[in-house]
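**Q** Dropping in start.txt, which is compact mmCIF, C-alpha atoms:
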```
# COMPACT_ATOMS: atom_id res chain seq x y z
CA MET Z 1 0.00 0.00 0.00
CA SER Z 2 2.83 2.42 0.85
CA ILE Z 3 4.27 1.85 -2.65
CA VAL Z 4 0.97 2.88 -4.22
CA ILE Z 5 0.87 5.98 -2.02
CA GLY Z 6 4.48 6.80 -2.96
CA VAL Z 7 3.73 6.51 -6.69
CA LEU Z 8 0.68 8.74 -6.22
CA GLY Z 9 2.92 11.16 -4.31
CA ILE Z 10 5.31 11.40 -7.27
CA LEU Z 11 2.37 12.03 -9.61
CA VAL Z 12 1.04 14.74 -7.26
CA LEU Z 13 4.43 16.51 -7.23
CA VAL Z 14 4.67 16.41 -11.03
CA ALA Z 15 1.06 17.63 -11.32
CA ILE Z 16 1.74 20.57 -9.00
CA ALA Z 17 4.85 21.46 -11.00
CA TRP Z 18 2.81 21.28 -14.22
CA ALA Z 19 0.12 23.55 -12.73
CA MET Z 20 2.83 26.07 -11.75
CA SER Z 21 4.47 25.98 -15.19
CA ASN Z 22 4.82 29.30 -16.99
CA ASP Z 23 5.10 27.69 -20.43
CA LYS Z 24 3.21 24.40 -20.59
CA LYS Z 25 3.57 24.11 -24.37
CA HIS Z 26 7.34 23.76 -24.16
CA ILE Z 27 7.63 21.29 -21.26
CA ASN Z 28 10.16 18.61 -22.18
CA TYR Z 29 8.22 15.54 -21.06
CA ARG Z 30 10.81 13.21 -22.58
CA ALA Z 31 13.60 14.71 -20.45
CA ALA Z 32 11.45 14.57 -17.31
CA GLY Z 33 10.54 10.95 -18.00
CA ILE Z 34 14.14 9.92 -18.61
CA MET Z 35 15.35 11.60 -15.42
CA LEU Z 36 12.58 10.00 -13.36
CA ALA Z 37 13.46 6.60 -14.79
CA VAL Z 38 17.15 7.17 -13.95
CA GLN Z 39 16.18 8.07 -10.38
CA LEU Z 40 14.09 4.92 -9.96
CA ILE Z 41 16.83 2.70 -11.40
CA LEU Z 42 19.48 4.34 -9.20
CA ALA Z 43 17.41 3.98 -6.02
CA TRP Z 44 16.52 0.36 -6.82
CA PHE Z 45 20.11 -0.55 -7.69
CA LEU Z 46 21.71 1.09 -4.66
CA LEU Z 47 19.12 -0.01 -2.10
CA ASN Z 48 17.76 -3.35 -3.36
CA THR Z 49 20.63 -5.16 -5.09
CA LEU Z 50 23.64 -6.89 -3.57
CA ILE Z 51 26.03 -5.04 -5.90
CA GLY Z 52 24.42 -1.68 -5.11
CA ARG Z 53 24.50 -2.25 -1.35
CA THR Z 54 28.12 -3.37 -1.61
CA ILE Z 55 29.01 -0.20 -3.51
CA ILE Z 56 27.31 1.94 -0.86
CA ARG Z 57 29.06 0.02 1.93
CA LYS Z 58 32.46 0.50 0.27
CA ILE Z 59 31.83 4.22 -0.22
CA VAL Z 60 30.79 4.51 3.43
CA GLU Z 61 34.01 2.76 4.43
CA VAL Z 62 36.05 5.22 2.35
CA PHE Z 63 34.26 8.20 3.88
CA THR Z 64 34.68 6.73 7.36
CA LYS Z 65 38.42 6.40 6.76
CA VAL Z 66 38.66 9.96 5.45
CA LEU Z 67 36.74 11.21 8.48
CA SER Z 68 39.16 9.33 10.75
CA PHE Z 69 42.00 11.39 9.26
CA GLY Z 70 40.05 14.53 10.04
CA HIS Z 71 39.55 13.36 13.63
CA GLU Z 72 43.34 13.01 13.94
CA GLY Z 73 43.72 16.73 13.25
CA ILE Z 74 40.86 17.64 15.59
CA SER Z 75 42.34 15.45 18.34
CA PHE Z 76 45.77 17.09 17.96
CA VAL Z 77 44.32 20.58 18.48
CA PHE Z 78 41.64 19.84 21.08
CA GLY Z 79 43.08 16.79 22.84
CA ASP Z 80 40.71 14.85 25.11
CA LEU Z 81 37.87 17.25 24.33
CA SER Z 82 37.59 15.62 20.87
CA THR Z 83 36.42 12.37 22.53
CA LYS Z 84 33.54 13.98 24.44
CA GLY Z 85 31.10 13.96 21.53
CA TYR Z 86 30.76 17.74 21.28
CA PHE Z 87 28.88 18.78 18.12
CA PHE Z 88 31.21 21.73 17.49
CA LEU Z 89 34.33 19.56 17.55
CA ASN Z 90 33.13 16.31 15.97
CA VAL Z 91 30.87 17.76 13.28
CA LEU Z 92 31.64 21.41 12.57
CA MET Z 93 35.44 21.09 12.80
CA MET Z 94 35.32 18.23 10.29
CA ILE Z 95 34.07 20.74 7.70
CA ILE Z 96 37.53 22.37 7.73
CA PHE Z 97 39.37 19.20 6.70
CA ILE Z 98 36.79 18.16 4.08
CA SER Z 99 36.83 21.67 2.57
CA ALA Z 100 40.63 21.57 2.27
CA LEU Z 101 40.43 18.13 0.68
CA LEU Z 102 37.89 19.36 -1.88
CA SER Z 103 40.13 22.33 -2.65
CA ILE Z 104 43.07 19.99 -3.31
CA LEU Z 105 40.98 17.79 -5.64
CA THR Z 106 39.83 20.93 -7.44
CA TYR Z 107 43.39 22.21 -7.88
CA LEU Z 108 44.41 18.83 -9.30
CA ARG Z 109 41.49 19.21 -11.77
CA ILE Z 110 40.04 15.88 -10.67
CA LEU Z 111 36.71 17.29 -9.49
CA PRO Z 112 36.25 19.91 -12.25
CA LEU Z 113 36.76 17.32 -14.98
CA ALA Z 114 34.51 14.79 -13.25
CA ILE Z 115 31.75 17.39 -12.80
CA LYS Z 116 32.08 18.62 -16.39
CA TYR Z 117 31.80 15.15 -17.93
CA VAL Z 118 29.09 13.89 -15.58
CA GLY Z 119 27.17 17.11 -16.22
CA GLY Z 120 27.71 16.62 -19.95
CA PHE Z 121 26.38 13.06 -19.66
CA VAL Z 122 23.30 14.31 -17.82
CA SER Z 123 22.81 16.92 -20.53
CA LYS Z 124 23.13 14.28 -23.26
CA ILE Z 125 20.57 11.85 -21.84
CA THR Z 126 18.04 14.51 -20.89
CA GLY Z 127 18.43 17.06 -23.66
CA LEU Z 128 18.74 19.87 -21.10
CA PRO Z 129 21.39 22.59 -21.66
CA LYS Z 130 24.94 22.07 -20.34
CA VAL Z 131 24.90 24.98 -17.88
CA GLU Z 132 21.86 23.69 -16.00
CA SER Z 133 23.19 20.12 -15.90
CA PHE Z 134 26.66 21.32 -14.86
CA VAL Z 135 25.28 23.40 -11.96
CA ALA Z 136 23.09 20.51 -10.77
CA VAL Z 137 26.06 18.10 -10.68
CA ASN Z 138 28.41 20.77 -9.30
CA SER Z 139 25.97 21.50 -6.46
CA MET Z 140 26.20 17.84 -5.40
CA ILE Z 141 29.88 18.46 -4.57
CA PHE Z 142 30.32 22.13 -3.74
CA GLY Z 143 26.85 23.29 -2.71
CA ASP Z 144 24.56 26.00 -4.00
CA THR Z 145 26.51 29.28 -3.97
CA THR Z 146 29.80 27.81 -5.21
CA ALA Z 147 28.01 26.04 -8.06
CA ILE Z 148 26.49 29.33 -9.20
CA ILE Z 149 29.85 31.13 -8.96
CA SER Z 150 31.37 28.43 -11.18
CA VAL Z 151 29.16 29.58 -14.12
CA LYS Z 152 29.41 33.32 -13.45
CA SER Z 153 30.57 34.09 -17.00
CA GLN Z 154 27.37 32.51 -18.40
CA LEU Z 155 25.00 33.88 -15.76
CA HIS Z 156 24.17 37.14 -17.55
CA LYS Z 157 23.25 35.22 -20.74
CA LEU Z 158 20.60 33.04 -19.10
CA SER Z 159 16.91 33.59 -19.78
CA PRO Z 160 14.62 33.93 -16.72
CA ASN Z 161 13.55 30.27 -17.03
CA ARG Z 162 17.13 29.02 -17.27
CA LEU Z 163 18.09 31.17 -14.28
CA PHE Z 164 15.19 29.63 -12.35
CA ILE Z 165 16.41 26.10 -13.14
CA VAL Z 166 19.98 26.95 -12.14
CA ALA Z 167 18.89 28.46 -8.80
CA THR Z 168 16.45 25.66 -7.98
CA SER Z 169 18.71 22.75 -8.90
CA SER Z 170 21.53 24.29 -6.86
CA LEU Z 171 19.23 24.49 -3.84
CA VAL Z 172 18.25 20.80 -4.03
CA ALA Z 173 21.77 19.79 -3.02
CA VAL Z 174 24.31 19.91 -0.23
CA SER Z 175 28.01 20.63 -0.12
CA CYS Z 176 30.44 17.75 0.36
CA SER Z 177 32.23 19.98 2.87
CA THR Z 178 29.23 19.51 5.20
CA LEU Z 179 28.68 15.90 4.10
CA GLY Z 180 31.01 14.62 6.80
CA GLY Z 181 28.69 16.12 9.39
CA TYR Z 182 25.61 14.43 7.95
CA LEU Z 183 27.37 11.05 7.72
CA GLN Z 184 28.12 11.16 11.45
CA LEU Z 185 24.55 12.01 12.44
CA ILE Z 186 22.15 10.04 10.22
CA PRO Z 187 22.37 6.67 8.39
CA PRO Z 188 25.14 7.20 5.80
CA GLU Z 189 23.63 4.92 3.13
CA TYR Z 190 20.62 7.23 2.73
CA VAL Z 191 22.85 10.32 2.60
CA LEU Z 192 24.87 8.82 -0.27
CA VAL Z 193 21.80 7.59 -2.17
CA ALA Z 194 20.16 11.00 -1.90
CA LEU Z 195 23.12 12.85 -3.46
CA PRO Z 196 22.72 11.64 -7.09
CA ILE Z 197 18.92 11.42 -6.88
CA ASN Z 198 18.79 15.09 -5.81
CA VAL Z 199 20.53 16.09 -9.05
CA PHE Z 200 17.56 14.86 -11.07
CA SER Z 201 14.84 15.89 -8.59
CA GLY Z 202 15.77 19.54 -8.95
CA LEU Z 203 16.08 19.35 -12.73
CA ILE Z 204 12.80 17.46 -13.25
CA LEU Z 205 10.55 19.80 -11.30
CA SER Z 206 12.27 23.10 -12.16
CA SER Z 207 12.33 22.29 -15.89
CA ILE Z 208 8.59 21.59 -15.77
CA VAL Z 209 7.86 24.80 -13.86
CA ALA Z 210 10.20 26.84 -16.08
CA PRO Z 211 10.64 25.02 -19.42
CA VAL Z 212 13.67 25.83 -21.55
CA ARG Z 213 13.12 26.41 -25.24
CA SER Z 214 15.66 25.56 -27.90
CA GLU Z 215 18.41 28.06 -27.19
CA GLU Z 216 22.11 28.45 -27.80
CA ASP Z 217 24.08 26.41 -25.28
CA TYR Z 218 27.27 27.63 -23.64
CA ASP Z 219 30.53 25.82 -23.00
CA ILE Z 220 31.73 25.40 -19.43
CA ASP Z 221 35.00 27.09 -18.49
CA LEU Z 222 36.72 24.92 -15.87
CA LYS Z 223 39.11 27.75 -15.01
CA GLU Z 224 36.27 29.45 -13.12
CA MET Z 225 36.24 26.55 -10.67
CA ASN Z 226 39.93 26.80 -9.81
CA THR Z 227 41.66 30.09 -8.99
CA ASP Z 228 44.48 28.64 -6.87
CA LYS Z 229 47.96 28.99 -8.34
CA SER Z 230 49.72 26.34 -6.24
CA PHE Z 231 49.04 23.23 -4.20
CA PHE Z 232 49.72 24.98 -0.90
CA GLU Z 233 47.52 27.91 -1.86
CA ALA Z 234 44.73 25.41 -2.52
CA VAL Z 235 45.26 23.82 0.91
CA GLY Z 236 45.30 27.22 2.62
CA ASN Z 237 42.26 28.62 0.82
CA GLY Z 238 40.29 25.40 1.32
CA THR Z 239 41.13 25.39 5.02
CA LEU Z 240 40.13 29.04 5.47
CA LEU Z 241 36.90 28.50 3.56
CA GLY Z 242 36.17 25.44 5.69
CA GLY Z 243 36.81 27.40 8.88
CA LYS Z 244 34.54 30.19 7.69
CA THR Z 245 31.82 27.69 6.74
CA ALA Z 246 32.07 25.92 10.11
CA LEU Z 247 31.74 29.22 11.97
CA ILE Z 248 28.80 30.31 9.81
CA VAL Z 249 27.01 26.97 10.33
CA GLY Z 250 27.73 27.11 14.06
CA ALA Z 251 26.53 30.72 14.34
CA MET Z 252 23.35 29.94 12.41
CA LEU Z 253 22.68 26.91 14.61
CA ILE Z 254 23.04 29.00 17.78
CA THR Z 255 20.63 31.60 16.39
CA TYR Z 256 18.05 29.18 15.00
CA MET Z 257 18.06 26.88 18.04
CA ALA Z 258 17.63 29.89 20.34
CA LEU Z 259 14.87 31.36 18.16
CA LEU Z 260 13.06 28.02 18.00
CA ALA Z 261 13.23 27.71 21.77
CA MET Z 262 11.79 31.21 22.15
CA ILE Z 263 9.08 30.66 19.52
CA ASN Z 264 8.18 27.29 21.06
CA TYR Z 265 7.83 28.97 24.47
CA VAL Z 266 5.47 31.61 23.03
CA PHE Z 267 3.37 29.11 21.05
CA ASN Z 268 3.19 26.71 23.97
CA GLY Z 269 1.92 29.51 26.19
CA LEU Z 270 -0.66 30.71 23.65
CA VAL Z 271 -2.02 27.50 22.11
CA GLY Z 272 -0.52 24.72 24.24
CA MET Z 273 1.59 23.42 21.32
CA THR Z 274 5.13 24.12 20.20
CA PHE Z 275 5.85 25.68 16.82
CA GLN Z 276 7.41 22.41 15.67
CA GLU Z 277 4.32 20.45 16.67
CA ILE Z 278 2.22 22.82 14.56
CA LEU Z 279 4.63 22.32 11.65
CA GLY Z 280 4.17 18.59 12.14
CA TYR Z 281 0.45 18.83 11.48
CA ILE Z 282 0.97 21.20 8.51
CA PHE Z 283 3.48 18.86 6.85
CA ALA Z 284 1.72 15.62 7.88
CA PRO Z 285 -0.19 15.32 4.55
CA VAL Z 286 3.11 15.72 2.69
CA ALA Z 287 4.71 13.04 4.84
CA PHE Z 288 1.75 10.77 4.06
CA ILE Z 289 2.09 11.03 0.27
CA MET Z 290 5.81 10.28 0.65
CA GLY Z 291 4.85 6.84 1.93
CA ILE Z 292 5.51 7.39 5.63
CA PRO Z 293 3.27 5.26 7.92
CA THR Z 294 0.26 7.16 9.25
CA SER Z 295 1.36 6.75 12.87
CA GLU Z 296 4.58 8.67 12.16
CA ILE Z 297 3.48 11.43 9.79
CA VAL Z 298 3.15 14.14 12.46
CA ASN Z 299 6.62 13.57 13.90
CA ALA Z 300 8.06 13.29 10.39
CA GLY Z 301 6.20 16.43 9.32
CA SER Z 302 7.70 18.32 12.26
CA ILE Z 303 11.23 17.46 11.09
CA MET Z 304 10.37 18.41 7.50
CA GLY Z 305 8.91 21.75 8.52
CA THR Z 306 11.84 22.56 10.78
CA LYS Z 307 14.25 22.01 7.87
CA VAL Z 308 12.42 24.52 5.67
CA ALA Z 309 11.92 27.09 8.44
CA ALA Z 310 15.47 26.80 9.83
CA ASN Z 311 18.01 24.52 8.11
CA GLU Z 312 18.94 20.87 7.74
CA PHE Z 313 21.31 20.78 10.72
CA VAL Z 314 18.63 22.07 13.10
CA ALA Z 315 16.20 19.50 11.69
CA ILE Z 316 18.80 16.72 11.97
CA SER Z 317 19.42 17.60 15.63
CA ASP Z 318 15.71 16.92 16.29
CA PHE Z 319 15.63 13.94 13.96
CA VAL Z 320 18.41 11.97 15.69
CA LYS Z 321 16.37 12.04 18.91
CA LEU Z 322 13.41 10.42 17.15
CA VAL Z 323 15.28 7.83 15.06
CA PRO Z 324 15.19 5.05 17.71
CA ASP Z 325 11.37 5.23 17.80
CA MET Z 326 10.85 5.44 14.02
CA SER Z 327 10.46 2.64 11.48
CA ASP Z 328 13.32 1.95 9.05
CA LYS Z 329 11.16 3.21 6.19
CA THR Z 330 10.49 6.56 7.84
CA VAL Z 331 14.15 6.95 8.81
CA GLY Z 332 15.20 6.35 5.19
CA ILE Z 333 12.64 8.73 3.70
CA ILE Z 334 13.35 11.58 6.11
CA SER Z 335 17.12 11.08 5.90
CA ALA Z 336 17.00 11.43 2.10
CA TYR Z 337 14.67 14.45 2.36
CA LEU Z 338 17.05 16.26 4.72
CA ILE Z 339 20.03 16.12 2.34
CA SER Z 340 19.47 19.48 0.66
CA PHE Z 341 19.87 23.21 1.28
CA ALA Z 342 16.21 23.99 0.51
CA ASN Z 343 15.39 26.46 3.30
CA PHE Z 344 14.77 30.17 3.77
CA SER Z 345 18.34 31.05 4.75
CA SER Z 346 19.81 29.34 1.68
CA ILE Z 347 17.59 31.18 -0.79
CA GLY Z 348 18.91 34.41 0.72
CA MET Z 349 22.48 33.22 0.19
CA ILE Z 350 21.76 32.36 -3.45
CA LEU Z 351 20.20 35.77 -4.08
CA GLY Z 352 23.23 37.43 -2.51
CA THR Z 353 25.60 35.40 -4.69
CA VAL Z 354 23.75 36.25 -7.92
CA GLN Z 355 23.56 39.90 -6.90
CA ALA Z 356 27.33 40.01 -6.49
CA ILE Z 357 27.70 38.72 -10.06
CA ASP Z 358 24.83 40.38 -11.95
CA GLN Z 359 22.42 42.89 -10.43
CA LYS Z 360 19.87 42.55 -13.24
CA GLN Z 361 19.67 38.77 -12.92
CA ALA Z 362 19.43 39.11 -9.13
CA SER Z 363 16.38 41.35 -9.53
CA LEU Z 364 14.70 38.76 -11.76
CA LEU Z 365 15.51 35.96 -9.32
CA ALA Z 366 14.28 37.94 -6.31
CA LYS Z 367 10.79 38.12 -7.86
CA VAL Z 368 10.54 34.32 -7.91
CA GLY Z 369 12.59 33.59 -4.78
CA LEU Z 370 9.74 31.97 -2.85
CA LYS Z 371 8.78 29.96 -5.93
CA VAL Z 372 12.37 28.71 -6.19
CA LEU Z 373 12.26 27.63 -2.54
CA LEU Z 374 8.89 25.89 -3.00
CA VAL Z 375 10.06 23.92 -6.05
CA ALA Z 376 13.38 23.07 -4.35
CA THR Z 377 11.47 21.78 -1.33
CA MET Z 378 9.30 19.72 -3.67
CA GLY Z 379 12.56 18.34 -5.09
CA SER Z 380 13.60 17.20 -1.62
CA ILE Z 381 10.17 15.62 -1.17
CA LEU Z 382 10.55 13.83 -4.50
CA THR Z 383 13.94 12.44 -3.45
CA GLY Z 384 12.54 11.14 -0.16
CA THR Z 385 9.51 9.63 -1.89
CA ILE Z 386 11.63 7.76 -4.44
CA VAL Z 387 13.90 6.37 -1.72
CA GLY Z 388 10.81 5.27 0.20
CA LEU Z 389 9.58 3.18 -2.74
CA PHE Z 390 12.49 0.76 -2.25
CA LEU Z 391 12.44 0.44 1.55
```
Give the structure from the file, written as structure tokens.
**A**
Amino acid sequence: MSIVIGVLGILVLVAIAWAMSNDKKHINYRAAGIMLAVQLILAWFLLNTLIGRTIIRKIVEVFTKVLSFGHEGISFVFGDLSTKGYFFLNVLMMIIFISALLSILTYLRILPLAIKYVGGFVSKITGLPKVESFVAVNSMIFGDTTAIISVKSQLHKLSPNRLFIVATSSLVAVSCSTLGGYLQLIPPEYVLVALPINVFSGLILSSIVAPVRSEEDYDIDLKEMNTDKSFFEAVGNGTLLGGKTALIVGAMLITYMALLAMINYVFNGLVGMTFQEILGYIFAPVAFIMGIPTSEIVNAGSIMGTKVAANEFVAISDFVKLVPDMSDKTVGIISAYLISFANFSSIGMILGTVQAIDQKQASLLAKVGLKVLLVATMGSILTGTIVGLFL
């Protein structure tokens, strides 16, 4: 029965995207169908086959080993404090090492080439332009703002619909620099499965809402992804960026957790329910169409709503407390849903990034900012729903 509900949930998401479309005559149904099929095959292969599960297990082992190297550095600086399980040390400090590692791989041109050719492959099989496909794949590694910066020379050439797809697909993603944090908090297999599925979720729904007509495509300049002139400059810049990111994430968590506590206090005093409990009831119907058991839809909805209102780390901090009491299916669906930057703070960061590059394009994007967030959130819902079909 849950499979039937999940399939209906996918159809509902596509139907909503179609209703929101600003150019229904030019929707590329073939591309959407191909991408949906790729998602289903990927989810089935990685979750329901011996080879797929083995691949996921091996990747988890590699990430675990990499994280152990990061813990060596954290332990050297913080000593015994690193064994106390503090979120700041074990999760946020890991961002610094992962960011430096990504910077090294970028300097060596390993990541830029991989992203270019994988993005080109996505473009080939779907018929979507290279820029949109490149940003979607790039976002899977570097996150939303960095992915947009990587195509800054093409940004001013994009039509409003293409700009919408770029912004939305970049939002339905996470940065690998924060991936280490997620892997330590929620089941790693669902985190890794969600990464490639997210690429297509954002492209499917955004290309239906904002169809792209036959336009001139633009080549990707890999030089925009790498500005470091030496290996040690790459290490230094990656480390500094990681430190800045860790501090920003930590500062945002302090603010959002404090605000949620204050808002919960006010709501509890006024209506006898916390803000998150209210979000649970609002998002419960969404959780239901994702295939989550009826008995868990309110708790699941609360986590989903918290992610949109605050961010994924705040939602994950609540989620880990509920995991022991949730079914495996719900844990998998919500874990996959949480692996994206689709929230109010991230849309502000994207607007700021575009504004720094092109004021005119930023003005166009600002007019549809909430629509971008809605479609990106639908993309996260689509990812969770597809994962749920195979649990």
**Q** With a distance cut-off of 7 Å and all atoms listed in the file, select the neighbouring residues of Ala194 of chain Z, excluding the residue or stretch itself and same-chain residues fewer than 5 positions from it, and output the selection as a VMD selection string.
**A** chain Z and resid 336 339 383
**Q** Excluding segment 80-96 of chain Z and its own-chain neighbours fewer than 5 positions away, which residues fall within 8 Å of it when counting all atoms listed in the file? Please give them as a list of chain:residue names.
**A**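 In the requested format, the answer is Z:Leu67, Z:Gly70, Z:His71, Z:Ile74, Z:Ser75, Z:Ser177, Z:Thr178, Z:Gly180, Z:Gly181, Z:Gln184, Z:Gly238, Z:Thr239, Z:Leu240, Z:Leu241, Z:Gly242, Z:Gly243, Z:Thr245, Z:Ala246, Z:Leu247, Z:Val249, Z:Gly250.
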**Q** With C-alpha atoms retained, write the just-selected residues as a compact mmCIF listing (two decimals), in the frame of the given file.
**A**
```
# COMPACT_ATOMS: atom_id res chain seq x y z
CA LEU Z 67 36.74 11.21 8.48
CA GLY Z 70 40.05 14.53 10.04
CA HIS Z 71 39.55 13.36 13.63
CA ILE Z 74 40.86 17.64 15.59
CA SER Z 75 42.34 15.45 18.34
CA SER Z 177 32.23 19.98 2.87
CA THR Z 178 29.23 19.51 5.20
CA GLY Z 180 31.01 14.62 6.80
CA GLY Z 181 28.69 16.12 9.39
CA GLN Z 184 28.12 11.16 11.45
CA GLY Z 238 40.29 25.40 1.32
CA THR Z 239 41.13 25.39 5.02
CA LEU Z 240 40.13 29.04 5.47
CA LEU Z 241 36.90 28.50 3.56
CA GLY Z 242 36.17 25.44 5.69
CA GLY Z 243 36.81 27.40 8.88
CA THR Z 245 31.82 27.69 6.74
CA ALA Z 246 32.07 25.92 10.11
CA LEU Z 247 31.74 29.22 11.97
CA VAL Z 249 27.01 26.97 10.33
CA GLY Z 250 27.73 27.11 14.06
```
**Q** Quick one: of Z:Ile248, Z:Ile148, Z:Pro211, Z:Val314, who's nearest to Lys24 of chain Z, counting only C-alpha atoms?
**A** Z:Pro211
**Q** Pick out the residues sitting within 12 Å of segment 346-359 of chain Z, and hand them over as a CSV table (one decimal) with C-alpha atoms, in the frame of the given file; count all atoms listed in the file, and ignore anything fewer than 5 positions along from it in its own chain.
**A**
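Heads up, here's the output in out-v4.csv:
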```
chain,number,residue,atom,x,y,z
Z,143,GLY,CA,26.8,23.3,-2.7
Z,144,ASP,CA,24.6,26.0,-4.0
Z,145,THR,CA,26.5,29.3,-4.0
Z,146,THR,CA,29.8,27.8,-5.2
Z,147,ALA,CA,28.0,26.0,-8.1
Z,148,ILE,CA,26.5,29.3,-9.2
Z,149,ILE,CA,29.8,31.1,-9.0
Z,150,SER,CA,31.4,28.4,-11.2
Z,151,VAL,CA,29.2,29.6,-14.1
Z,152,LYS,CA,29.4,33.3,-13.4
Z,153,SER,CA,30.6,34.1,-17.0
Z,154,GLN,CA,27.4,32.5,-18.4
Z,155,LEU,CA,25.0,33.9,-15.8
Z,156,HIS,CA,24.2,37.1,-17.6
Z,157,LYS,CA,23.2,35.2,-20.7
Z,158,LEU,CA,20.6,33.0,-19.1
Z,163,LEU,CA,18.1,31.2,-14.3
Z,164,PHE,CA,15.2,29.6,-12.4
Z,166,VAL,CA,20.0,27.0,-12.1
Z,167,ALA,CA,18.9,28.5,-8.8
Z,168,THR,CA,16.4,25.7,-8.0
Z,169,SER,CA,18.7,22.8,-8.9
Z,170,SER,CA,21.5,24.3,-6.9
Z,171,LEU,CA,19.2,24.5,-3.8
Z,172,VAL,CA,18.2,20.8,-4.0
Z,173,ALA,CA,21.8,19.8,-3.0
Z,174,VAL,CA,24.3,19.9,-0.2
Z,248,ILE,CA,28.8,30.3,9.8
Z,249,VAL,CA,27.0,27.0,10.3
Z,252,MET,CA,23.4,29.9,12.4
Z,307,LYS,CA,14.2,22.0,7.9
Z,308,VAL,CA,12.4,24.5,5.7
Z,309,ALA,CA,11.9,27.1,8.4
Z,310,ALA,CA,15.5,26.8,9.8
Z,311,ASN,CA,18.0,24.5,8.1
Z,312,GLU,CA,18.9,20.9,7.7
Z,340,SER,CA,19.5,19.5,0.7
Z,341,PHE,CA,19.9,23.2,1.3
Z,364,LEU,CA,14.7,38.8,-11.8
Z,365,LEU,CA,15.5,36.0,-9.3
Z,366,ALA,CA,14.3,37.9,-6.3
Z,367,LYS,CA,10.8,38.1,-7.9
Z,368,VAL,CA,10.5,34.3,-7.9
Z,369,GLY,CA,12.6,33.6,-4.8
Z,370,LEU,CA,9.7,32.0,-2.8
Z,371,LYS,CA,8.8,30.0,-5.9
Z,372,VAL,CA,12.4,28.7,-6.2
Z,373,LEU,CA,12.3,27.6,-2.5
Z,374,LEU,CA,8.9,25.9,-3.0
Z,375,VAL,CA,10.1,23.9,-6.0
Z,376,ALA,CA,13.4,23.1,-4.4
Z,377,THR,CA,11.5,21.8,-1.3
```
**Q** Find the spatial neighbours of segment 120-127 of chain Z, counting all atoms listed in the file, within a cut-off of 9 Å - ignore same-chain residues fewer than 5 positions away - and output them as a list in words.
**A** Asn28, Arg30, Ala31, Ala32, Gly33, Ile34, Met35, Ile115, Glu132, Ser133, Phe134, Val137 and Phe200 of chain Z
**Q** Got a sec: who's within 12 Å of Pro324 of chain Z, counting all atoms listed in the file, leaving out chain neighbours fewer than 6 positions off, as a list in words?
**A**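 In the requested form, the answer reads Ile186, Pro187, Asp318, Thr330 and Val331 of chain Z.
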**Q** Record the distance separating atom CA of Ile5 of chain Z and atom CA of Leu279 of chain Z, expressed in Å with one decimal.
**A**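 Between these atoms lies a distance of 21.6 Å.
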**Q** To one decimal in Å, tell me the separation between atom CA of Thr106 of chain Z and atom CA of Phe231 of chain Z.
**A** 10.0 Å
**Q** Atom CA of Ile41 of chain Z and atom CA of Ala15 of chain Z are how many Å apart?
**A**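 Rounded to one decimal, the two atoms are 21.7 Å apart.
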**Q** My list of candidates is Z:Met140, Z:Val62, Z:Leu101, Z:Val320. Which is closest to Ser175 of chain Z when distances are computed with all atoms listed in the file?
**A**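 Of the candidates, the smallest distance to Ser175 of chain Z is held by Z:Met140.
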**Q** Which one of Z:Ala37, Z:Ala17, Z:Leu8, Z:Glu296 sits closest to Leu205 of chain Z if you count all atoms listed in the file?
**A**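 Ranking Z:Ala37, Z:Ala17, Z:Leu8, Z:Glu296 by distance to Leu205 of chain Z, first place goes to Z:Ala17.
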**Q** Using all atoms listed in the file, can you tell me which of Z:Phe97, Z:Tyr256, Z:Trp44, Z:Tyr29 comes closest to Gly236 of chain Z?
**A**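 Comparing Z:Phe97, Z:Tyr256, Z:Trp44, Z:Tyr29 against Gly236 of chain Z, the winner is Z:Phe97.
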**Q** Because some atoms of segment 384-391 of chain Z are absent here, can you restore N, CA and C atoms and send them as a short mmCIF file (atom, residue, chain, number, x, y, z; two decimals), keeping the file's coordinate frame?
**A**
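What landed in out27.cif:
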```cif
data_model
loop_
_atom_site.label_atom_id
_atom_site.label_comp_id
_atom_site.auth_asym_id
_atom_site.auth_seq_id
_atom_site.Cartn_x
_atom_site.Cartn_y
_atom_site.Cartn_z
N GLY Z 384 12.96 11.99 -1.27
CA GLY Z 384 12.54 11.14 -0.16
C GLY Z 384 11.50 10.12 -0.57
N THR Z 385 10.57 10.54 -1.42
CA THR Z 385 9.51 9.63 -1.89
C THR Z 385 10.08 8.48 -2.71
N ILE Z 386 11.02 8.79 -3.60
CA ILE Z 386 11.63 7.76 -4.44
C ILE Z 386 12.42 6.76 -3.59
N VAL Z 387 13.16 7.28 -2.63
CA VAL Z 387 13.90 6.37 -1.72
C VAL Z 387 12.93 5.47 -0.97
N GLY Z 388 11.79 6.04 -0.54
CA GLY Z 388 10.81 5.27 0.20
C GLY Z 388 10.19 4.12 -0.59
N LEU Z 389 10.15 4.25 -1.91
CA LEU Z 389 9.58 3.18 -2.74
C LEU Z 389 10.37 1.87 -2.63
N PHE Z 390 11.63 1.96 -2.25
CA PHE Z 390 12.49 0.76 -2.25
C PHE Z 390 12.93 0.36 -0.84
N LEU Z 391 12.15 0.82 0.15
CA LEU Z 391 12.44 0.44 1.55
C LEU Z 391 11.32 -0.43 2.09
#
```
